[in-house]
Each structure stands twice: as structure tokens, then as C-alpha cells.
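**Student:** If you scroll down you'll find the structure; I have some questions about it.
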Amino acid sequence: MRTLHRVLLFGWACALLAPAGHAQDWAKARVEQSPRHRETVTIQHDGRSLQAFVAYPEASSRRPVVLVIHEIFGLSDWAQEVTDELAAAGYVAIAPDLLSGAGPNGGGTASLGGQTAVGRAINQLPKEQITADLNAAADWALKQPASNGKLYVVGFCWGGGQSFAFATQRQKLAAAFVFYGVPPANDAMARISAPVFGFYAGNDQRVSGTVPATIQAMKDLHKKYSSVIYDGAGHGFMRAGEQPDATPANAKAREAAWAKITQVMGR
């Protein structure tokens, strides 16, 4: 219960950090202008209809799959934009809308009508459903002709915590990338088999303050964990670092983090 309470509080804190209106028109425009093939698919599993945004690389060979876990803002324009960016870097990228079915008439993020409703719906998602949705999206993508069978996961904010948690559940995971997300409980960490890479902001003690204990816990469990804290960056720097009014610190952190994850995954 203590861990669940921490996750719920973390989710609401992420929502409170959102800029007014959380406008992402710039991200939407970039997706619309993308030359890559993109599609929204419906994945059936366990009696659920899961919607997912998929972007494919322009490549002549099979490529790794990257499972993208959105922020507490749901499958937003930016979540789709960063998914397309991963495709541009050479990966089959899939971002499931974990709010599928939570909106009116079975809709997802777009049907909920605002950040307050989206944040409330996310914090009501059953843990088992999140894991099942992520596994279903990953399994679907791995079966596509463009996939080479290798799977990575990356998550941001609330999704960063879910990326860490997914690593405790999914075997044969190449690596997990955790962006400013809280860690799972130590007993859950014991189930991790993949390397975990954490990316945190210097001006985000609420989350970055968990890093020293995470380093020690992963070390004690003989797990591979690498972390970096970017001085001057704020929570959400992967989104904030590319928006039109990005601060130099956020932009620098985003550039460095992007270079790191693509280096780990290979081109």
C-alpha cells in the first residue's frame, strides 16, 4: 500500500507540473509533417480493445521495437511525436493508449476532455491491466515484419515509473529506459533481468532524490543500473527540451539523453 500511495501521489504531482492548457500544437504539427508511415491500431486482448499509435522507420532491414509509455498526460500529441522520433532514429515504435476504454463510449485519452479527467483516469488504472496492455502492445509489434525481435521500453514521468516496473515483469527485454520516474519496490527489483538506464533532472529533487537508494538497491541485487542527473534541467525535460520555449538546460539534457538511448540501442 505504501508503494501504491507513492505512485498515486507521483502521478498527481506530474499533472500539477503541466503548463497551463498543456498545448502541444508544435508536437502535433511535427507528427503531421512526418514522412514516415504511422498508424493507429486496435489490439484485442483479455476482452479489451487497446488502441496504440505505431510509427515505422524508413529502413531496408528489420529493426528493434521500442515500447513507448506515455506521461500522465496520456497518449498526447507529444507522446505520438516522440514515438515518431524514435521511428526516425530507426526503430519500430509503438505507444499504447493505456486509457483505452476509460473515456465516454469506450474512448481513450482524446475523449476524456482535459487533463484533470486524464490524470484521474490514469491513477485509477489497475496495475494488472497496465502490465497486460504493455505486454499486448509489445507482442503485437514484435510480430510485425519490420521487427527483428529485440524489445526495448522507454517511459516518461508516470510512464518512467511504469517502464521501471515493466522491467520487473518482462523477460527477454533488451533494456529499460526510465525518464524521471520513481522506482519499484526492492522486492520487485529482484525480478529484473535487463539493464535499466535512468535519466533525471537536477531541479527535480522529488524524483531525483530517489536515485541514491535505487543505485544501492540495484547494486545489492546485482542488477545493471546506470543513472544520470542533468544539472539545471527540470522534470519533463524530454518534452520541455524540444518545445519552442525550451530553456538551454532542458534542451541540453534532452540532447544528451537522446544520444545516450540511441547509442545503447544502436542504429
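For the C-alpha cells, the naming scheme is as follows: chains receive sequential letters (A, B, ...) according to their order of presentation, residues are indexed from 1 within each chain, and ligands are indexed from 1 in presentation order.
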Please run DSSP on the backbone and report, as number ranges by chain, all residues within range 25-68 of chain A that come out as alpha helix (DSSP H).

**Tutor:** A: 25-32

**Student:** Taking 3 positions as the minimum chain separation for residues in the same chain, which residues sit within 12 Å of Thr168 in chain A when counting only C-alpha atoms? Answer as a list in words.

**Tutor:** Thr131, Val153, Gly161, Gln162, Ser163, Phe164, Ala165, Gln171, Lys172, Leu173, Ala175, Ala176, Pro183, Pro184, Ala185, Asn186, Asp187, Ala188, Met189, Ala190, Arg191, Ile192, Ser193, Ala194, Pro195, Val196 and Lys223 of chain A

**Student:** Could you tell me which of A:Gln124, A:Gln115, A:Asn135, A:Asn148 comes closest to Val92 in chain A if we count only C-alpha atoms?

**Tutor:** A:Asn148

**Student:** What is the CA of Tyr230 in chain A to CA of Pro64 in chain A distance in Å?

**Tutor:**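 Computing the Euclidean distance for CA of Tyr230 in chain A and CA of Pro64 in chain A yields 27.3 Å.
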
**Student:** Find the residues around range 49-51 of chain A up to 10 Å (only C-alpha atoms counted), leave out those fewer than 5 positions away in its own chain, and share them as a VMD selection string.

**Tutor:** chain A and resid 40 to 44 75 95 to 101 106 to 109 133 to 134 136 to 137

**Student:** Take the residues just selected and output them with N, CA, C and O atoms as a PDB file, in the first residue's frame.

**Tutor:**
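Okay, part_34.pdb is ready:
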```pdb
ATOM      1  N   THR A  40      -2.755   4.047 -36.358  1.00  0.00           N
ATOM      2  CA  THR A  40      -3.343   3.686 -35.078  1.00  0.00           C
ATOM      3  C   THR A  40      -3.952   2.309 -35.239  1.00  0.00           C
ATOM      4  O   THR A  40      -4.731   2.074 -36.163  1.00  0.00           O
ATOM      5  N   VAL A  41      -3.573   1.398 -34.370  1.00  0.00           N
ATOM      6  CA  VAL A  41      -4.052   0.024 -34.463  1.00  0.00           C
ATOM      7  C   VAL A  41      -4.869  -0.320 -33.232  1.00  0.00           C
ATOM      8  O   VAL A  41      -4.733   0.305 -32.177  1.00  0.00           O
ATOM      9  N   THR A  42      -5.733  -1.303 -33.383  1.00  0.00           N
ATOM     10  CA  THR A  42      -6.509  -1.825 -32.268  1.00  0.00           C
ATOM     11  C   THR A  42      -6.025  -3.233 -31.967  1.00  0.00           C
ATOM     12  O   THR A  42      -6.001  -4.094 -32.850  1.00  0.00           O
ATOM     13  N   ILE A  43      -5.602  -3.448 -30.740  1.00  0.00           N
ATOM     14  CA  ILE A  43      -5.067  -4.740 -30.308  1.00  0.00           C
ATOM     15  C   ILE A  43      -6.054  -5.367 -29.334  1.00  0.00           C
ATOM     16  O   ILE A  43      -6.374  -4.781 -28.298  1.00  0.00           O
ATOM     17  N   GLN A  44      -6.539  -6.531 -29.665  1.00  0.00           N
ATOM     18  CA  GLN A  44      -7.505  -7.226 -28.813  1.00  0.00           C
ATOM     19  C   GLN A  44      -6.770  -8.158 -27.848  1.00  0.00           C
ATOM     20  O   GLN A  44      -5.938  -8.955 -28.271  1.00  0.00           O
ATOM     21  N   LEU A  75      -1.963   9.509 -24.080  1.00  0.00           N
ATOM     22  CA  LEU A  75      -1.396   9.449 -25.422  1.00  0.00           C
ATOM     23  C   LEU A  75      -1.587  10.813 -26.087  1.00  0.00           C
ATOM     24  O   LEU A  75      -2.438  11.013 -26.945  1.00  0.00           O
ATOM     25  N   ALA A  95       3.278   3.121 -29.154  1.00  0.00           N
ATOM     26  CA  ALA A  95       2.851   3.791 -27.922  1.00  0.00           C
ATOM     27  C   ALA A  95       1.394   3.439 -27.653  1.00  0.00           C
ATOM     28  O   ALA A  95       0.485   3.995 -28.281  1.00  0.00           O
ATOM     29  N   PRO A  96       1.127   2.507 -26.752  1.00  0.00           N
ATOM     30  CA  PRO A  96      -0.264   2.168 -26.443  1.00  0.00           C
ATOM     31  C   PRO A  96      -0.938   3.271 -25.645  1.00  0.00           C
ATOM     32  O   PRO A  96      -0.303   3.931 -24.815  1.00  0.00           O
ATOM     33  N   ASP A  97      -2.218   3.492 -25.918  1.00  0.00           N
ATOM     34  CA  ASP A  97      -3.009   4.419 -25.118  1.00  0.00           C
ATOM     35  C   ASP A  97      -3.539   3.626 -23.935  1.00  0.00           C
ATOM     36  O   ASP A  97      -4.531   2.899 -24.050  1.00  0.00           O
ATOM     37  N   LEU A  98      -2.898   3.757 -22.792  1.00  0.00           N
ATOM     38  CA  LEU A  98      -3.273   2.975 -21.630  1.00  0.00           C
ATOM     39  C   LEU A  98      -4.616   3.399 -21.046  1.00  0.00           C
ATOM     40  O   LEU A  98      -5.140   2.746 -20.152  1.00  0.00           O
ATOM     41  N   LEU A  99      -5.172   4.475 -21.597  1.00  0.00           N
ATOM     42  CA  LEU A  99      -6.512   4.918 -21.200  1.00  0.00           C
ATOM     43  C   LEU A  99      -7.583   4.417 -22.158  1.00  0.00           C
ATOM     44  O   LEU A  99      -8.732   4.864 -22.092  1.00  0.00           O
ATOM     45  N   SER A 100      -7.216   3.502 -23.043  1.00  0.00           N
ATOM     46  CA  SER A 100      -8.208   2.925 -23.956  1.00  0.00           C
ATOM     47  C   SER A 100      -9.382   2.361 -23.155  1.00  0.00           C
ATOM     48  O   SER A 100      -9.191   1.598 -22.214  1.00  0.00           O
ATOM     49  N   GLY A 101     -10.587   2.787 -23.521  1.00  0.00           N
ATOM     50  CA  GLY A 101     -11.788   2.310 -22.833  1.00  0.00           C
ATOM     51  C   GLY A 101     -12.168   3.098 -21.608  1.00  0.00           C
ATOM     52  O   GLY A 101     -13.248   2.884 -21.037  1.00  0.00           O
ATOM     53  N   GLY A 106     -16.269   4.161 -24.619  1.00  0.00           N
ATOM     54  CA  GLY A 106     -15.103   3.319 -24.819  1.00  0.00           C
ATOM     55  C   GLY A 106     -13.901   4.019 -25.401  1.00  0.00           C
ATOM     56  O   GLY A 106     -12.952   3.374 -25.839  1.00  0.00           O
ATOM     57  N   GLY A 107     -13.909   5.353 -25.407  1.00  0.00           N
ATOM     58  CA  GLY A 107     -12.797   6.115 -25.958  1.00  0.00           C
ATOM     59  C   GLY A 107     -11.585   6.113 -25.037  1.00  0.00           C
ATOM     60  O   GLY A 107     -11.617   5.557 -23.933  1.00  0.00           O
ATOM     61  N   GLY A 108     -10.514   6.757 -25.505  1.00  0.00           N
ATOM     62  CA  GLY A 108      -9.282   6.814 -24.741  1.00  0.00           C
ATOM     63  C   GLY A 108      -8.933   8.227 -24.334  1.00  0.00           C
ATOM     64  O   GLY A 108      -9.812   9.036 -24.013  1.00  0.00           O
ATOM     65  N   THR A 109      -7.639   8.540 -24.387  1.00  0.00           N
ATOM     66  CA  THR A 109      -7.147   9.845 -23.938  1.00  0.00           C
ATOM     67  C   THR A 109      -7.906  11.011 -24.557  1.00  0.00           C
ATOM     68  O   THR A 109      -8.361  11.912 -23.848  1.00  0.00           O
ATOM     69  N   ASP A 133      -1.673  -4.613 -20.890  1.00  0.00           N
ATOM     70  CA  ASP A 133      -1.692  -3.746 -22.071  1.00  0.00           C
ATOM     71  C   ASP A 133      -0.296  -3.600 -22.671  1.00  0.00           C
ATOM     72  O   ASP A 133      -0.108  -3.664 -23.893  1.00  0.00           O
ATOM     73  N   LEU A 134       0.681  -3.379 -21.809  1.00  0.00           N
ATOM     74  CA  LEU A 134       2.053  -3.202 -22.293  1.00  0.00           C
ATOM     75  C   LEU A 134       2.560  -4.481 -22.953  1.00  0.00           C
ATOM     76  O   LEU A 134       3.196  -4.439 -24.017  1.00  0.00           O
ATOM     77  N   ALA A 136       0.722  -6.778 -24.368  1.00  0.00           N
ATOM     78  CA  ALA A 136      -0.022  -6.970 -25.614  1.00  0.00           C
ATOM     79  C   ALA A 136       0.531  -6.082 -26.728  1.00  0.00           C
ATOM     80  O   ALA A 136       0.683  -6.526 -27.873  1.00  0.00           O
ATOM     81  N   ALA A 137       0.838  -4.830 -26.400  1.00  0.00           N
ATOM     82  CA  ALA A 137       1.394  -3.922 -27.401  1.00  0.00           C
ATOM     83  C   ALA A 137       2.768  -4.398 -27.862  1.00  0.00           C
ATOM     84  O   ALA A 137       3.080  -4.388 -29.059  1.00  0.00           O
TER      85      ALA A 137
END
```

**Student:** Restricting the calculation to only C-alpha atoms: of A:Ser208, A:His45, A:Trp158, A:Gly181, which residue gets closest to Ala132 in chain A?

**Tutor:**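 Nearest candidate to Ala132 in chain A out of A:Ser208, A:His45, A:Trp158, A:Gly181: A:His45.
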
**Student:** Set the distance at 12 Å and use only C-alpha atoms: which residues neighbour Ser34 in chain A once local chain neighbours fewer than 2 positions away are removed? I'd like the list as a PyMOL selection string.

**Tutor:** chain A and resi 27-32+36-38+55-58+80-88

**Student:** Take the residues from that selection and put them in a file with N, CA, C and O atoms, as a short mmCIF file (atom, residue, chain, number, x, y, z; two decimals), in the first residue's frame.

**Tutor:**
```cif
data_model
loop_
_atom_site.label_atom_id
_atom_site.label_comp_id
_atom_site.auth_asym_id
_atom_site.auth_seq_id
_atom_site.Cartn_x
_atom_site.Cartn_y
_atom_site.Cartn_z
N ALA A 27 4.00 19.86 -31.38
CA ALA A 27 4.24 18.42 -31.50
C ALA A 27 3.29 17.80 -32.52
O ALA A 27 3.69 16.96 -33.33
N LYS A 28 2.04 18.22 -32.49
CA LYS A 28 1.05 17.70 -33.44
C LYS A 28 1.47 18.04 -34.87
O LYS A 28 1.37 17.19 -35.77
N ALA A 29 1.96 19.26 -35.07
CA ALA A 29 2.38 19.67 -36.41
C ALA A 29 3.55 18.83 -36.91
O ALA A 29 3.61 18.46 -38.10
N ARG A 30 4.48 18.50 -36.03
CA ARG A 30 5.63 17.69 -36.43
C ARG A 30 5.20 16.29 -36.85
O ARG A 30 5.73 15.74 -37.81
N VAL A 31 4.25 15.72 -36.13
CA VAL A 31 3.77 14.39 -36.49
C VAL A 31 3.07 14.44 -37.85
O VAL A 31 3.29 13.57 -38.71
N GLU A 32 2.24 15.45 -38.05
CA GLU A 32 1.50 15.56 -39.30
C GLU A 32 2.43 15.76 -40.50
O GLU A 32 2.10 15.37 -41.62
N ARG A 36 7.23 9.49 -42.37
CA ARG A 36 7.20 8.06 -42.04
C ARG A 36 5.77 7.52 -41.98
O ARG A 36 4.82 8.27 -41.75
N HIS A 37 5.64 6.22 -42.20
CA HIS A 37 4.33 5.59 -42.09
C HIS A 37 3.93 5.52 -40.62
O HIS A 37 4.69 5.03 -39.78
N ARG A 38 2.73 5.99 -40.34
CA ARG A 38 2.19 5.98 -38.98
C ARG A 38 0.77 5.45 -39.04
O ARG A 38 0.06 5.65 -40.02
N ALA A 55 4.67 3.94 -35.27
CA ALA A 55 5.45 4.64 -36.30
C ALA A 55 6.57 3.71 -36.75
O ALA A 55 7.23 3.06 -35.92
N TYR A 56 6.77 3.65 -38.05
CA TYR A 56 7.75 2.72 -38.63
C TYR A 56 8.95 3.47 -39.20
O TYR A 56 8.81 4.55 -39.79
N PRO A 57 10.14 2.90 -39.07
CA PRO A 57 11.33 3.53 -39.64
C PRO A 57 11.38 3.33 -41.15
O PRO A 57 10.79 2.38 -41.68
N GLU A 58 12.07 4.22 -41.82
CA GLU A 58 12.33 4.03 -43.25
C GLU A 58 13.64 3.24 -43.33
O GLU A 58 14.72 3.81 -43.33
N GLN A 80 2.93 10.97 -29.19
CA GLN A 80 2.98 10.49 -30.56
C GLN A 80 4.20 11.06 -31.29
O GLN A 80 4.84 10.36 -32.09
N GLU A 81 4.55 12.29 -30.99
CA GLU A 81 5.70 12.91 -31.65
C GLU A 81 7.01 12.22 -31.27
O GLU A 81 7.85 11.95 -32.12
N VAL A 82 7.19 11.90 -29.98
CA VAL A 82 8.43 11.24 -29.57
C VAL A 82 8.46 9.81 -30.11
O VAL A 82 9.53 9.27 -30.41
N THR A 83 7.31 9.19 -30.27
CA THR A 83 7.24 7.87 -30.89
C THR A 83 7.70 7.94 -32.34
O THR A 83 8.48 7.10 -32.81
N ASP A 84 7.26 8.98 -33.04
CA ASP A 84 7.70 9.16 -34.43
C ASP A 84 9.19 9.48 -34.50
O ASP A 84 9.89 9.06 -35.43
N GLU A 85 9.70 10.21 -33.51
CA GLU A 85 11.14 10.50 -33.47
C GLU A 85 11.95 9.21 -33.33
O GLU A 85 13.03 9.08 -33.92
N LEU A 86 11.45 8.29 -32.54
CA LEU A 86 12.14 7.01 -32.39
C LEU A 86 12.13 6.23 -33.70
O LEU A 86 13.10 5.57 -34.04
N ALA A 87 11.03 6.34 -34.44
CA ALA A 87 10.99 5.71 -35.76
C ALA A 87 12.00 6.37 -36.70
O ALA A 87 12.68 5.69 -37.48
N ALA A 88 12.12 7.69 -36.60
CA ALA A 88 13.09 8.40 -37.43
C ALA A 88 14.51 7.95 -37.11
O ALA A 88 15.39 7.94 -37.99
#
```

**Student:** Excluding same-chain residues fewer than 4 positions from Val154 in chain A, what lies within 7 Å of it counting only C-alpha atoms, as a compact mmCIF listing (two decimals) with N, CA, C and O atoms, in the first residue's frame?

**Tutor:**
```
# COMPACT_ATOMS: atom_id res chain seq x y z
N LEU A 67 8.92 0.07 -27.09
CA LEU A 67 7.62 0.27 -26.46
C LEU A 67 7.67 1.60 -25.71
O LEU A 67 8.51 1.78 -24.82
N VAL A 68 6.81 2.53 -26.08
CA VAL A 68 6.81 3.88 -25.50
C VAL A 68 5.66 4.01 -24.51
O VAL A 68 4.49 3.79 -24.87
N ILE A 69 5.99 4.39 -23.27
CA ILE A 69 4.96 4.55 -22.24
C ILE A 69 4.78 6.04 -21.96
O ILE A 69 5.71 6.72 -21.54
N GLY A 160 7.71 6.73 -16.88
CA GLY A 160 9.05 6.32 -16.46
C GLY A 160 8.99 5.30 -15.34
O GLY A 160 9.71 4.30 -15.34
N SER A 163 7.89 2.12 -16.87
CA SER A 163 8.97 1.46 -17.59
C SER A 163 9.83 0.64 -16.64
O SER A 163 10.19 -0.52 -16.93
N ALA A 176 15.63 -1.20 -20.36
CA ALA A 176 14.55 -0.30 -19.96
C ALA A 176 15.14 1.09 -19.74
O ALA A 176 16.17 1.23 -19.08
N PHE A 177 14.47 2.10 -20.29
CA PHE A 177 14.89 3.48 -20.13
C PHE A 177 13.85 4.20 -19.28
O PHE A 177 12.66 4.23 -19.63
N VAL A 178 14.30 4.75 -18.17
CA VAL A 178 13.41 5.37 -17.19
C VAL A 178 13.69 6.86 -17.15
O VAL A 178 14.76 7.29 -16.70
```

**Student:** A:Gly234, A:Pro35, A:Gly47, A:Pro104: which is nearest Cys157 in chain A, counting only C-alpha atoms?

**Tutor:**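 Counting only C-alpha atoms, the residue closest to Cys157 in chain A is A:Gly234.
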
**Student:** As a PyMOL selection string, please: every residue in range 186-261 of chain A that a backbone DSSP assignment puts in strand (DSSP E or B).

**Tutor:** chain A and resi 196-203+225-234

**Student:** Can those selected residues be exported to a file as a tab-separated table (two decimals), in the first residue's frame so that it contains C-alpha atoms?

**Tutor:**
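Output file result26.tsv is given in full below:
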```tsv
chain	number	residue	atom	x	y	z
A	196	VAL	CA	18.00	-0.25	-16.60
A	197	PHE	CA	19.07	3.26	-17.58
A	198	GLY	CA	17.72	6.17	-15.55
A	199	PHE	CA	17.60	9.82	-16.67
A	200	TYR	CA	16.79	12.51	-14.11
A	201	ALA	CA	16.64	16.27	-13.70
A	202	GLY	CA	18.81	18.29	-11.34
A	203	ASN	CA	15.88	20.55	-10.44
A	225	TYR	CA	21.55	0.15	-13.38
A	226	SER	CA	23.06	3.29	-14.84
A	227	SER	CA	21.78	6.75	-13.93
A	228	VAL	CA	22.50	10.34	-14.85
A	229	ILE	CA	21.17	13.59	-13.37
A	230	TYR	CA	21.28	16.63	-15.63
A	231	ASP	CA	22.17	19.84	-13.80
A	232	GLY	CA	19.72	22.68	-14.30
A	233	ALA	CA	17.11	20.56	-16.09
A	234	GLY	CA	13.58	20.28	-14.81
```

**Student:** As an exercise, work out the distance from CA of Ala102 in chain A to CA of Gly155 in chain A in Å and give it to one decimal place.

**Tutor:**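 Rounded to one decimal, the two atoms are 20.4 Å apart.
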